[in-house]
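data-v7.txt follows (compact mmCIF, C-alpha atoms):
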```
# COMPACT_ATOMS: atom_id res chain seq x y z
CA MET A 1 2.77 -27.30 -39.10
CA GLU A 2 1.35 -30.64 -40.17
CA LEU A 3 -1.95 -31.42 -38.57
CA VAL A 4 -3.67 -34.77 -38.26
CA GLY A 5 -6.74 -36.18 -36.60
CA GLU A 6 -7.83 -34.26 -33.58
CA GLU A 7 -5.61 -31.33 -34.45
CA LYS A 8 -7.49 -30.88 -37.71
CA ARG A 9 -10.68 -30.95 -35.76
CA ILE A 10 -9.41 -28.36 -33.31
CA GLN A 11 -8.12 -26.28 -36.21
CA ALA A 12 -11.55 -26.42 -37.85
CA LEU A 13 -13.24 -25.34 -34.65
CA PHE A 14 -10.80 -22.47 -34.24
CA SER A 15 -11.31 -21.44 -37.86
CA GLU A 16 -15.05 -21.38 -37.31
CA LEU A 17 -14.52 -19.28 -34.21
CA ARG A 18 -12.26 -16.91 -36.10
CA LEU A 19 -14.88 -16.43 -38.80
CA ALA A 20 -17.49 -15.64 -36.18
CA ASP A 21 -15.13 -13.22 -34.45
CA GLU A 22 -14.24 -11.45 -37.67
CA GLN A 23 -17.88 -10.56 -38.18
CA SER A 24 -17.98 -8.72 -34.89
CA VAL A 25 -14.63 -6.95 -34.90
CA PRO A 26 -15.00 -3.25 -34.07
CA SER A 27 -13.63 -0.98 -36.77
CA PHE A 28 -9.99 -0.08 -36.44
CA ALA A 29 -10.65 3.60 -37.05
CA ALA A 30 -13.13 3.78 -34.17
CA VAL A 31 -10.82 2.13 -31.66
CA TRP A 32 -7.80 4.12 -32.86
CA ASN A 33 -9.67 7.44 -32.73
CA ARG A 34 -10.94 6.72 -29.24
CA ALA A 35 -7.39 5.94 -28.13
CA GLN A 36 -6.17 9.11 -29.82
CA SER A 37 -8.81 11.21 -28.06
CA ARG A 38 -7.72 9.71 -24.75
CA THR A 39 -4.19 10.94 -25.34
CA TYR A 40 -5.43 14.53 -25.70
CA ARG A 41 -7.66 14.28 -22.66
CA PRO A 42 -6.21 16.43 -19.89
CA GLN A 43 -4.77 14.37 -17.14
CA ARG A 44 -6.56 14.61 -13.83
CA ALA A 45 -4.79 17.27 -11.88
CA PHE A 46 -4.60 15.23 -8.73
CA ASN A 47 -4.84 11.70 -7.61
CA LEU A 48 -7.26 11.05 -4.76
CA SER A 49 -4.90 8.82 -2.83
CA PHE A 50 -2.06 11.29 -3.32
CA VAL A 51 -4.21 14.11 -1.95
CA ALA A 52 -5.21 11.99 1.06
CA ALA A 53 -1.59 11.11 1.79
CA THR A 54 -0.51 14.74 1.49
CA ALA A 55 -3.30 15.92 3.79
CA LEU A 56 -2.33 13.31 6.36
CA LEU A 57 1.29 14.39 6.19
CA VAL A 58 0.41 18.06 6.59
CA CYS A 59 -1.82 17.25 9.59
CA ALA A 60 0.98 15.27 11.20
CA LEU A 61 3.49 18.08 10.65
CA VAL A 62 1.15 20.77 12.02
CA SER A 63 0.33 18.76 15.13
CA LEU A 64 4.03 18.07 15.70
CA ALA A 65 4.84 21.77 15.37
CA LEU A 66 2.06 22.74 17.80
CA TRP A 67 3.10 20.12 20.29
CA SER A 68 6.76 21.15 20.22
CA ARG A 69 5.83 24.80 20.63
CA GLN A 70 3.59 24.02 23.58
CA TRP A 71 6.33 21.99 25.18
CA GLN A 72 8.78 24.81 24.77
CA ARG A 73 6.36 27.27 26.37
CA LYS A 74 5.93 24.94 29.32
CA GLY A 75 9.69 24.84 29.77
CA ASP A 76 9.82 28.62 29.62
CA ALA A 77 7.09 28.97 32.27
CA LEU A 78 9.08 26.76 34.60
CA VAL A 79 12.11 28.96 34.12
CA SER A 80 10.22 32.20 34.81
CA VAL A 81 9.03 31.02 38.27
CA PRO A 82 10.98 33.21 40.80
CA SER A 83 13.21 31.24 43.11
CA VAL A 84 12.09 31.21 46.74
CA PRO A 85 14.63 32.97 48.96
CA SER A 86 15.65 30.41 51.49
CA ALA A 87 16.19 31.40 55.08
CA SER A 88 17.89 28.21 56.02
CA PRO A 89 21.51 27.56 55.15
CA THR A 90 20.63 24.26 53.48
CA GLN A 91 20.70 25.49 49.88
CA VAL A 92 22.56 22.82 48.03
CA VAL A 93 22.82 24.19 44.52
CA THR A 94 23.30 27.78 43.56
CA VAL A 95 21.51 29.04 40.47
CA ARG A 96 23.60 30.83 37.91
CA GLN A 97 22.08 34.23 37.42
CA ASP A 98 24.14 35.14 34.38
CA VAL A 99 22.05 32.94 32.02
CA LYS A 100 18.96 34.82 30.97
CA PRO A 101 15.89 32.77 29.94
CA PRO A 102 14.77 33.54 26.41
CA THR A 103 11.67 35.67 25.97
CA PRO A 104 8.96 34.38 23.59
CA ILE A 105 9.64 37.19 21.11
CA GLN A 106 13.23 36.18 20.73
CA TRP A 107 12.33 32.62 19.78
CA THR A 108 13.81 31.75 16.49
CA TYR A 109 14.80 28.40 15.12
CA SER A 110 18.44 29.31 14.98
CA HIS A 111 21.24 27.62 16.86
CA LYS A 112 21.53 30.53 19.23
CA SER A 113 17.95 30.32 20.36
CA ARG A 114 18.23 26.57 20.69
CA ALA A 115 21.25 27.00 22.96
CA LEU A 116 19.35 29.55 25.02
CA LYS A 117 16.41 27.18 25.30
CA LEU A 118 18.69 24.41 26.45
CA ALA A 119 20.27 26.67 29.05
CA ALA A 120 16.85 27.75 30.29
CA ARG A 121 15.74 24.15 30.53
CA ARG A 122 18.86 23.27 32.50
CA GLN A 123 18.26 26.20 34.83
CA SER A 124 14.67 25.15 35.45
CA LEU A 125 15.86 21.66 36.30
CA LEU A 126 18.41 23.08 38.73
CA LEU A 127 15.75 25.22 40.40
CA ALA A 128 13.49 22.25 40.81
CA ALA A 129 16.31 20.21 42.35
CA ASN A 130 17.15 23.10 44.68
CA ARG A 131 13.60 23.41 45.90
CA LYS A 132 13.40 19.72 46.57
CA ALA A 133 16.62 19.75 48.59
CA GLU A 134 15.32 22.69 50.62
CA ARG A 135 12.12 20.88 51.45
CA GLU A 136 14.04 17.81 52.52
CA ALA A 137 16.36 19.84 54.77
CA LYS A 138 13.39 21.50 56.49
CA ALA A 139 11.78 18.15 57.04
CA ILE A 140 14.94 16.75 58.64
CA ALA A 141 15.35 19.79 60.92
CA SER A 142 11.82 19.60 62.27
CA TRP A 143 11.88 15.88 62.81
CA GLU A 144 10.86 14.70 66.28
CA SER A 145 11.02 11.25 67.73
CA PRO A 146 7.63 9.71 68.52
CA THR A 147 8.88 8.80 72.07
CA ALA A 148 10.21 12.26 72.85
CA SER A 149 7.24 13.06 75.12
CA LEU A 150 8.16 10.15 77.42
CA LEU A 151 11.44 11.87 78.29
CA ASP A 152 9.68 14.94 79.70
CA SER A 153 9.91 15.44 83.53
CA PRO A 154 8.72 18.19 86.00
CA SER A 155 12.31 19.25 86.71
CA ASP A 156 13.00 19.96 83.06
CA GLU A 157 12.56 23.66 83.67
CA LEU A 158 15.17 23.70 86.42
CA LEU A 159 17.60 21.75 84.33
CA LYS A 160 17.15 23.85 81.25
CA THR A 161 17.40 27.27 82.97
CA LEU A 162 20.44 28.80 84.65
CA PRO A 163 20.43 31.02 87.75
CA GLN A 164 21.16 34.63 86.95
CA LEU A 165 23.89 36.54 88.70
CA ASN A 166 21.89 39.64 89.40
CA ARG A 167 19.24 37.84 91.44
CA THR A 168 18.66 38.25 95.13
CA VAL A 169 19.93 35.78 97.72
CA ASP A 170 16.43 34.65 98.49
CA GLU A 171 15.84 33.86 94.93
CA LEU A 172 19.11 31.97 94.72
CA LYS A 173 18.17 30.01 97.82
CA SER A 174 15.26 28.58 95.96
CA PHE A 175 17.68 26.73 93.72
CA LEU A 176 19.38 25.08 96.66
CA PRO A 177 18.21 21.73 97.90
CA SER A 178 15.79 22.10 100.76
CA SER A 179 17.47 21.94 104.14
CA PRO A 180 16.47 19.12 106.51
CA LYS A 181 13.78 20.21 108.94
CA MET B 1 9.04 3.03 -37.88
CA ASP B 2 7.01 6.23 -37.79
CA ILE B 3 3.47 6.43 -36.43
CA ALA B 4 1.71 6.47 -39.83
CA GLU B 5 3.56 3.37 -40.92
CA LEU B 6 2.84 1.68 -37.61
CA LYS B 7 -0.83 2.63 -37.86
CA ALA B 8 -1.09 0.97 -41.29
CA GLU B 9 0.55 -2.18 -39.93
CA LEU B 10 -1.73 -2.19 -36.91
CA GLU B 11 -4.75 -1.86 -39.15
CA THR B 12 -3.81 -5.03 -41.03
CA LEU B 13 -3.35 -6.84 -37.74
CA HIS B 14 -6.46 -5.37 -36.13
CA SER B 15 -8.73 -8.35 -36.65
CA ALA B 16 -6.18 -10.84 -35.32
CA SER B 17 -5.40 -8.50 -32.44
CA PHE B 18 -9.05 -8.34 -31.48
CA GLY B 19 -9.29 -12.15 -31.57
CA TRP B 20 -6.26 -12.40 -29.31
CA ALA B 21 -7.62 -9.72 -26.97
CA LEU B 22 -10.88 -11.69 -26.78
CA ILE B 23 -9.01 -14.80 -25.64
CA CYS B 24 -6.97 -12.79 -23.13
CA CYS B 25 -10.20 -11.34 -21.70
CA ARG B 26 -12.05 -14.66 -21.48
CA ARG B 27 -14.14 -13.68 -24.51
CA ASP B 28 -15.51 -10.55 -22.90
CA ARG B 29 -16.05 -8.31 -25.93
CA ALA B 30 -16.30 -5.01 -24.10
CA GLN B 31 -13.18 -5.71 -22.10
CA ALA B 32 -11.31 -6.87 -25.21
CA GLU B 33 -12.18 -3.63 -26.95
CA GLU B 34 -11.06 -1.65 -23.93
CA VAL B 35 -7.78 -3.56 -23.81
CA LEU B 36 -7.14 -2.98 -27.51
CA GLN B 37 -7.86 0.70 -27.08
CA THR B 38 -5.44 0.87 -24.14
CA VAL B 39 -2.80 -0.87 -26.24
CA TYR B 40 -3.20 1.70 -29.04
CA LEU B 41 -3.03 4.44 -26.44
CA LYS B 42 0.21 2.99 -25.08
CA ILE B 43 1.63 2.95 -28.60
CA LEU B 44 0.53 6.53 -29.25
CA GLU B 45 2.00 7.76 -25.98
CA GLY B 46 5.22 5.89 -26.62
CA LYS B 47 4.84 3.70 -23.53
CA ALA B 48 4.93 0.63 -25.78
CA CYS B 49 7.69 1.03 -28.31
CA PHE B 50 8.43 -1.42 -31.11
CA ARG B 51 12.20 -1.83 -31.51
CA GLY B 52 12.18 -4.48 -34.19
CA GLU B 53 13.61 -7.16 -31.90
CA SER B 54 10.83 -9.52 -32.96
CA SER B 55 8.06 -9.48 -35.53
CA LEU B 56 5.45 -6.77 -35.11
CA LYS B 57 2.74 -9.36 -34.60
CA THR B 58 4.45 -11.14 -31.70
CA TRP B 59 5.37 -7.80 -30.12
CA LEU B 60 1.81 -6.51 -30.43
CA PHE B 61 0.37 -9.72 -29.06
CA ALA B 62 2.75 -9.60 -26.09
CA VAL B 63 1.65 -6.02 -25.36
CA ILE B 64 -2.02 -7.03 -25.62
CA ARG B 65 -1.47 -9.95 -23.28
CA LYS B 66 0.28 -7.85 -20.64
CA THR B 67 -2.33 -5.12 -20.89
CA ALA B 68 -5.16 -7.63 -20.55
CA ILE B 69 -3.54 -9.13 -17.46
CA SER B 70 -3.07 -5.74 -15.82
CA GLU B 71 -6.63 -4.70 -16.72
CA HIS B 72 -7.90 -7.95 -15.25
CA ARG B 73 -6.00 -7.24 -12.01
CA LYS B 74 -7.37 -3.72 -11.88
CA ASN B 75 -10.89 -5.06 -12.34
CA LEU B 76 -10.36 -7.58 -9.55
CA LEU B 77 -9.18 -4.83 -7.21
CA ARG B 78 -12.14 -2.71 -8.17
CA LYS B 79 -14.45 -5.62 -7.46
CA LEU B 80 -12.85 -6.19 -4.07
CA ARG B 81 -13.05 -2.51 -3.27
CA TRP B 82 -16.69 -2.11 -4.07
CA ALA B 83 -17.64 -5.59 -2.86
CA ASP B 84 -19.82 -6.31 -5.83
CA SER B 85 -17.95 -9.46 -6.73
CA SER B 86 -21.00 -11.60 -6.14
CA GLU B 87 -22.93 -9.65 -8.73
CA GLN B 88 -20.09 -9.84 -11.23
CA ALA B 89 -19.61 -13.54 -10.57
CA THR B 90 -23.23 -14.29 -11.31
CA THR B 91 -23.03 -12.44 -14.61
CA LEU B 92 -19.88 -14.40 -15.48
CA VAL B 93 -21.53 -17.67 -14.60
CA SER B 94 -24.60 -16.75 -16.56
CA GLN B 95 -22.41 -15.96 -19.55
CA LEU B 96 -20.73 -19.33 -19.24
CA GLU B 97 -23.98 -21.15 -18.81
CA GLN B 98 -25.84 -19.29 -21.51
CA PRO B 99 -23.79 -19.36 -24.66
CA GLY B 100 -26.61 -17.91 -26.68
CA VAL B 101 -25.03 -14.51 -27.12
CA ALA B 102 -25.27 -12.78 -30.49
CA PHE B 103 -22.12 -14.07 -32.13
CA GLU B 104 -22.46 -17.65 -30.91
CA LYS B 105 -24.83 -19.11 -33.43
CA SER B 106 -24.03 -22.79 -33.66
CA GLU B 107 -24.32 -25.14 -30.75
CA ALA B 108 -21.00 -26.81 -31.56
CA ARG B 109 -19.24 -23.50 -31.44
CA ALA B 110 -20.83 -22.70 -28.10
CA LEU B 111 -19.70 -26.04 -26.70
CA PHE B 112 -16.23 -25.46 -28.04
CA GLN B 113 -16.10 -22.00 -26.51
CA ASN B 114 -17.18 -23.31 -23.14
CA ALA B 115 -14.57 -26.06 -23.36
CA LEU B 116 -11.97 -23.44 -24.24
CA LYS B 117 -13.01 -21.26 -21.31
CA SER B 118 -12.63 -24.15 -18.92
CA LEU B 119 -8.93 -24.47 -19.82
CA PRO B 120 -6.23 -22.81 -17.71
CA ARG B 121 -5.14 -19.45 -19.11
CA ARG B 122 -1.75 -20.52 -20.45
CA GLN B 123 -3.12 -23.62 -22.14
CA ARG B 124 -5.88 -21.60 -23.73
CA GLU B 125 -3.42 -19.00 -24.93
CA ALA B 126 -1.04 -21.59 -26.39
CA LEU B 127 -3.84 -23.29 -28.32
CA HIS B 128 -5.22 -20.00 -29.56
CA LEU B 129 -1.86 -18.73 -30.77
CA VAL B 130 -1.13 -21.95 -32.63
CA PHE B 131 -4.54 -22.77 -34.08
CA TYR B 132 -6.27 -19.42 -34.34
CA GLN B 133 -3.36 -17.11 -35.08
CA ASP B 134 -1.29 -19.70 -37.01
CA LEU B 135 1.84 -18.91 -35.05
CA SER B 136 4.61 -21.43 -34.48
CA LEU B 137 5.26 -22.66 -30.96
CA ASN B 138 8.41 -20.56 -30.89
CA GLU B 139 6.44 -17.40 -31.65
CA ALA B 140 3.75 -18.41 -29.17
CA ALA B 141 6.41 -18.82 -26.48
CA GLU B 142 7.72 -15.37 -27.34
CA VAL B 143 4.28 -13.82 -27.04
CA MET B 144 3.59 -15.58 -23.74
CA GLY B 145 7.01 -14.69 -22.40
CA ILE B 146 7.95 -18.27 -21.57
CA SER B 147 10.43 -20.83 -22.87
CA ILE B 148 9.63 -23.00 -25.86
CA GLY B 149 9.61 -26.09 -23.62
CA SER B 150 6.97 -24.58 -21.36
CA ALA B 151 4.94 -23.45 -24.36
CA ARG B 152 5.05 -26.98 -25.77
CA GLN B 153 3.87 -28.39 -22.43
CA HIS B 154 0.98 -25.95 -22.23
CA TYR B 155 0.07 -26.71 -25.82
CA ASP B 156 0.08 -30.49 -25.30
CA ARG B 157 -1.79 -30.35 -22.01
CA GLY B 158 -4.30 -27.91 -23.43
CA LYS B 159 -4.94 -30.14 -26.41
CA LYS B 160 -5.42 -33.18 -24.19
CA ARG B 161 -7.74 -31.35 -21.84
CA LEU B 162 -9.73 -29.86 -24.70
CA ARG B 163 -10.13 -33.31 -26.23
CA GLU B 164 -11.36 -34.70 -22.92
CA SER B 165 -13.72 -31.82 -22.41
CA LEU B 166 -15.13 -32.04 -25.93
CA GLY B 167 -15.30 -35.83 -25.67
CA GLN B 168 -17.41 -35.57 -22.53
CA THR B 169 -19.86 -33.13 -24.05
CA GLU B 170 -20.05 -34.98 -27.34
CA SER B 171 -20.59 -38.34 -25.70
CA ALA B 172 -23.43 -36.70 -23.84
CA TYR B 173 -24.85 -35.74 -27.24
CA GLY B 174 -24.06 -39.18 -28.71
CA ILE B 175 -21.29 -38.00 -31.03
CA GLY B 176 -17.97 -39.83 -31.10
CA TRP B 177 -14.62 -38.07 -30.86
CA ARG B 178 -11.99 -39.96 -32.79
CA GLY B 179 -8.66 -38.47 -33.37
CA LYS B 180 -5.10 -39.56 -33.57
CA GLU B 181 -2.25 -38.10 -31.67
CA ASN B 182 0.51 -36.74 -33.83
CA PRO B 183 3.50 -36.21 -31.57
CA GLY B 184 5.68 -34.92 -34.37
CA ALA B 185 3.20 -32.33 -35.49
CA VAL B 186 4.89 -29.36 -33.93
```

For the structure just supplied, provide its representation as structure tokens.
Amino acid sequence: MELVGEEKRIQALFSELRLADEQSVPSFAAVWNRAQSRTYRPQRAFNLSFVAATALLVCALVSLALWSRQWQRKGDALVSVPSVPSASPTQVVTVRQDVKPPTPIQWTYSHKSRALKLAARRQSLLLAANRKAEREAKAIASWESPTASLLDSPSDELLKTLPQLNRTVDELKSFLPSSPK
Amino acid sequence: MDIAELKAELETLHSASFGWALICCRRDRAQAEEVLQTVYLKILEGKACFRGESSLKTWLFAVIRKTAISEHRKNLLRKLRWADSSEQATTLVSQLEQPGVAFEKSEARALFQNALKSLPRRQREALHLVFYQDLSLNEAAEVMGISIGSARQHYDRGKKRLRESLGQTESAYGIGWRGKENPGAV
């Protein structure tokens, strides 16, 4: 590369800089040996961020497992509530008694147990719906109009009762309209 | 090339490598040494592997440059994390303002170094590779990982800016800067 003018000047300045740098270059052996020793240094067994991420993941998984288990128990408790025998004929849905709710001991994470859990959940929902319908039917049966008391009269008793056949004539006469005096 | 052979080659290039590492680390000696050590470590571990696609010097310089950039980024992150950037910045400024460190003996050299530091990274690198390492622009482009056209632009702009910067300081000292442009030099 042919240099003129300012380039020569820059070259001279760079050469001067290079000379100064060469005086303070660390020895190759020292740098190389340090690098070599770093290769034999045992790697840190764990990374801090990796450990934090793993701990977070484990916490999340444990809490999820606990939550799901609690939820399942709640569902089971609902199923185990005995159904109230209803006296009224307003039972809308009949509960299938052939499906047995799973006991806690039998809980496994297999397909079978999952099916049982689903059946139990469905049964609990049916029971809840049944109870609600029963309540509603009772409420309808006992309903009374707010103006019903206005329809009451003193002769209600006479109108609502019937004369009995085995009564005496005198008693029967009391039912007859009073004769003109 | 086996490791013993490579070691011998690296030893011959060690001085030039350190000079290049210094430029890549904004003339921070400790950091340059650390970068060079990391580069040797990469070579020893086989993370940086010379395949003979270019000359050993350009390959080594490219590795040094990339390592210096990644180390610089790591340092920046560390600074942000520990929020001691203000402290670091003041030390950097003081280094720039006080060129009287051990190896900077002449005033002209100190001025030149400050002028060089004020250049953008790519311009500084292009000038260093051409004038300090005696590489051609083609080789410099290879080291910097850019096209020859870009390398030429950085080189020309760097030269112009350096001239302006030196001209300003020298006029302040009453020294004239007279030089001719040689467009066909490279």

Next item on the list: Find the distance between atom CA of Leu56 of chain B and atom CA of Leu41 of chain B and write it in Å to one decimal.
Entry: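 Going from atom CA of Leu56 of chain B over to atom CA of Leu41 of chain B covers 16.5 Å.
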
Taking only residues of chain A that have an atom at most 8 Å from an atom of chain B, what is each one's shortest atom pair and its distance in Å to one decimal, using all atoms listed in the file, in chain and number order, as a tab-separated table?
```
residue	atom	partner	partner_atom	distance
A:Met1	CA	B:Val186	CA	6.0
A:Glu2	CA	B:Ala185	CA	5.3
A:Leu3	CA	B:Ala185	CA	6.1
A:Val4	CA	B:Asn182	CA	6.4
A:Gly5	CA	B:Gly179	CA	4.4
A:Glu6	CA	B:Gly179	CA	4.3
A:Glu7	CA	B:Gly179	CA	7.8
A:Ile10	CA	B:Phe131	CA	7.5
A:Gln11	CA	B:Phe131	CA	5.4
A:Leu13	CA	B:Arg109	CA	7.0
A:Phe14	CA	B:Tyr132	CA	5.5
A:Ser15	CA	B:Tyr132	CA	6.5
A:Glu16	CA	B:Arg109	CA	7.5
A:Leu17	CA	B:Arg109	CA	6.9
A:Arg18	CA	B:Tyr132	CA	6.7
A:Ala20	CA	B:Phe103	CA	6.3
A:Asp21	CA	B:Gly19	CA	6.6
A:Glu22	CA	B:Ser15	CA	6.4
A:Ser24	CA	B:Phe103	CA	7.3
A:Val25	CA	B:Ser15	CA	6.3
A:Pro26	CA	B:Glu33	CA	7.7
A:Phe28	CA	B:Glu11	CA	6.2
A:Val31	CA	B:Gln37	CA	5.6
A:Trp32	CA	B:Tyr40	CA	6.5
A:Arg34	CA	B:Gln37	CA	7.1
A:Ala35	CA	B:Leu41	CA	4.9
A:Gln36	CA	B:Leu41	CA	6.6
A:Arg38	CA	B:Leu41	CA	7.3
A:Thr39	CA	B:Leu41	CA	6.7
```

Written file, previous selection with C-alpha atoms, as a short mmCIF file (atom, residue, chain, number, x, y, z; two decimals), in the coordinates of the input:
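Final file, selection_13.cif:
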```cif
data_model
loop_
_atom_site.label_atom_id
_atom_site.label_comp_id
_atom_site.auth_asym_id
_atom_site.auth_seq_id
_atom_site.Cartn_x
_atom_site.Cartn_y
_atom_site.Cartn_z
CA MET A 1 2.77 -27.30 -39.10
CA GLU A 2 1.35 -30.64 -40.17
CA LEU A 3 -1.95 -31.42 -38.57
CA VAL A 4 -3.67 -34.77 -38.26
CA GLY A 5 -6.74 -36.18 -36.60
CA GLU A 6 -7.83 -34.26 -33.58
CA GLU A 7 -5.61 -31.33 -34.45
CA ILE A 10 -9.41 -28.36 -33.31
CA GLN A 11 -8.12 -26.28 -36.21
CA LEU A 13 -13.24 -25.34 -34.65
CA PHE A 14 -10.80 -22.47 -34.24
CA SER A 15 -11.31 -21.44 -37.86
CA GLU A 16 -15.05 -21.38 -37.31
CA LEU A 17 -14.52 -19.28 -34.21
CA ARG A 18 -12.26 -16.91 -36.10
CA ALA A 20 -17.49 -15.64 -36.18
CA ASP A 21 -15.13 -13.22 -34.45
CA GLU A 22 -14.24 -11.45 -37.67
CA SER A 24 -17.98 -8.72 -34.89
CA VAL A 25 -14.63 -6.95 -34.90
CA PRO A 26 -15.00 -3.25 -34.07
CA PHE A 28 -9.99 -0.08 -36.44
CA VAL A 31 -10.82 2.13 -31.66
CA TRP A 32 -7.80 4.12 -32.86
CA ARG A 34 -10.94 6.72 -29.24
CA ALA A 35 -7.39 5.94 -28.13
CA GLN A 36 -6.17 9.11 -29.82
CA ARG A 38 -7.72 9.71 -24.75
CA THR A 39 -4.19 10.94 -25.34
#
```

Margin query: So the first atom is atom CA of Arg69 of chain A and the second is atom CA of Leu125 of chain A; what is the distance between them in Å, to one decimal place?
Written below: 18.9 Å

To test the calculation: enclose all listed atoms of segment 26-35 of chain B in a box whose edges run along x, y and z, add 5 Å on each side, then state centre and edge lengths in Å to one decimal, as AutoDock Vina command-line options.
```
--center_x -12.0 --center_y -8.2 --center_z -24.2 --size_x 18.5 --size_y 23.0 --size_z 15.5
```

Notebook entry, point to check: Do you have the atom CA of Trp20 of chain B-atom CA of Lys66 of chain B distance handy?
Noted result: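 Pair atom CA of Trp20 of chain B / atom CA of Lys66 of chain B returns 11.8 Å.
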